[in-house]
Amino acid sequence: MTENRPAQRIIMHIDMDSFFASVEVRENPSLKGKPVVVGADPKGGKGRGVVSTCSYEAREYGIRSAMPVSTAYRLCPECIFLPVNMQLYKKTSANVMNIMREYSDKFQQVSIDEAYLDISFIGSYDNAESVGREIKERIFHAEGLTCSVGIGPGKVIAKIASGMNKPAGMTVVRPDAIRDFLDPLPVDAIPGIGKKTKVRLEKHGIVTIKDLLGCDIQELKDAFGKHGIMMHRLARGIDDSEVREKEGQKSIGKQTTYPEDVSDTSILLSDLSDLCENVQNRLELRGYSCRTVTVKIRYAGFIDRSKADSFLHPTIDLTVIYEKAKDIFTDLYDERPVRSLGVSLSGFDSAKSRQSRLDDF
Ligand SMILES: [Mg+2]
């Protein structure tokens, strides 16, 4: 690898192990070693809703995230089923993310329990491995939770790597080992290749990433369009997408579209409150406060009205946000039937204090 290009990229993906379930076990150590399922109430097998997370012990019964909780109950009625305690997970997540954030300015949280770090600046994969170890230890020490770390030259490889040795794993894919790492994996190890695509590829005799690599690009393009080209690029290990906090995202919004137009103010206000809760949750998760609330009403006939209003001081308080949204709504609403209702927050302020990052590498 002597080509003339900037220093090698080193990307780390960190994924907390069975996050919700692990937090529950930490809170209640008597659950340790037991099959724990966090999610909807199974109601003796008649419950609706899905499994949010389950412990590794529960996985041994075939239970998985996103599985209907009734199925999980059937697989293991003696599992310990717990409700989702989102406030607790969010608080824990914020602590964990703050630790990770210290290690690079190029940080991207992708969900409540997962993040990427671009640590190219530390110069070598050996250093990267030590950083990975240090982050794992710090998270364990501070929160009593394990995570798995993947390190590689791009986000996709790092993400696949973090999933390789769960729980508490660490997998490092150095640039000269990309082929050994990727070749034997099934095609759906590549994010974005789902079950459907996998089945279609199998019909063409393509099972592993190596098979994919051997494919004619034109044929892939004909069969899968742009997606085919992307698959082939990823199979080659080409992935230069940047690690960056989605601050290109300048607002957090959510809207409800009604199957039938709604004219009942109490329904609209109650939905407005739900929408505020949704966006406020996501605001808090990102560690921001906001200055501006926007309410958008779409009346029947696709007539849009929207209005924004700002606070004197940035806030994350749900009551404050809802009161503002209600004022705007009251001002906008003229009692015509409503097709959809939306709330968005903008004017972000970083509520988190960025601590010094490690410059010692
Ligand atoms: Mg996870």
# chains A, B, ... in the order shown; residues from 1 in each chain; ligands from 1
>>> select_by_dssp(residues="segment 119-304 of chain A", states="alpha helix (DSSP H)", output="PyMOL selection string")
chain A and resi 125-143+155-162+178-182+195-203+209-213+217-224+226-235+265-286
>>> residues_around(residues="segment 21-38 of chain A", least_positions_apart="6", cutoff="8 Å", atoms="only C-alpha atoms", output="PyMOL selection string")
chain A and resi 51-59+79-84+89+92+144-145
>>> closest_atom_pairs(of="segment 35-123 of chain A", to="segment 153-168 of chain A", cutoff="10 Å", atoms="only C-alpha atoms", output="JSON lines")
{"residue": "A:Tyr56", "atom": "CA", "partner": "A:Pro167", "partner_atom": "CA", "distance": 8.3}
{"residue": "A:Glu114", "atom": "CA", "partner": "A:Lys159", "partner_atom": "CA", "distance": 9.5}
{"residue": "A:Ala115", "atom": "CA", "partner": "A:Lys159", "partner_atom": "CA", "distance": 9.4}
{"residue": "A:Tyr116", "atom": "CA", "partner": "A:Lys155", "partner_atom": "CA", "distance": 7.3}
{"residue": "A:Leu117", "atom": "CA", "partner": "A:Lys155", "partner_atom": "CA", "distance": 9.0}
{"residue": "A:Asp118", "atom": "CA", "partner": "A:Lys155", "partner_atom": "CA", "distance": 8.9}
{"residue": "A:Ser120", "atom": "CA", "partner": "A:Pro153", "partner_atom": "CA", "distance": 8.9}
>>> write_last_selection(atoms="C-alpha atoms", output="short mmCIF file (atom, residue, chain, number, x, y, z; two decimals), in the first residue's frame")
data_model
loop_
_atom_site.label_atom_id
_atom_site.label_comp_id
_atom_site.auth_asym_id
_atom_site.auth_seq_id
_atom_site.Cartn_x
_atom_site.Cartn_y
_atom_site.Cartn_z
CA TYR A 56 -27.73 -13.43 25.70
CA GLU A 114 -24.10 2.63 19.03
CA ALA A 115 -21.58 5.13 17.75
CA TYR A 116 -18.73 5.62 15.30
CA LEU A 117 -15.48 7.37 16.01
CA ASP A 118 -12.97 8.46 13.41
CA SER A 120 -7.40 8.19 12.07
#
>>> closest_atom_pairs(of="chain A", to="ligand 1", cutoff="9 Å", atoms="only C-alpha atoms and all ligand atoms", output="CSV")
residue,atom,partner,partner_atom_place_in_ligand_line,distance
A:Ile14,CA,ligand 1,1 (Mg),8.4
A:Asp15,CA,ligand 1,1 (Mg),4.7
A:Met16,CA,ligand 1,1 (Mg),4.4
A:Asp17,CA,ligand 1,1 (Mg),5.0
A:Ser18,CA,ligand 1,1 (Mg),5.4
A:Phe19,CA,ligand 1,1 (Mg),5.6
A:Phe20,CA,ligand 1,1 (Mg),8.7
A:Thr53,CA,ligand 1,1 (Mg),8.7
A:Ser111,CA,ligand 1,1 (Mg),8.7
A:Ile112,CA,ligand 1,1 (Mg),8.4
A:Asp113,CA,ligand 1,1 (Mg),5.4
A:Glu114,CA,ligand 1,1 (Mg),6.2
A:Cys147,CA,ligand 1,1 (Mg),7.8
A:Ser148,CA,ligand 1,1 (Mg),8.4
A:Gly163,CA,ligand 1,1 (Mg),8.9
>>> residues_around(residues="segment 313-320 of chain A", least_positions_apart="4", cutoff="10 Å", atoms="only C-alpha atoms", output="ChimeraX atom specification")
/A:273,276-281,283-284,287-292,324-326,346-351
>>> atom_distance(atom1="atom CA of Val69 of chain A", atom2="atom CA of Pro42 of chain A")
5.5 Å
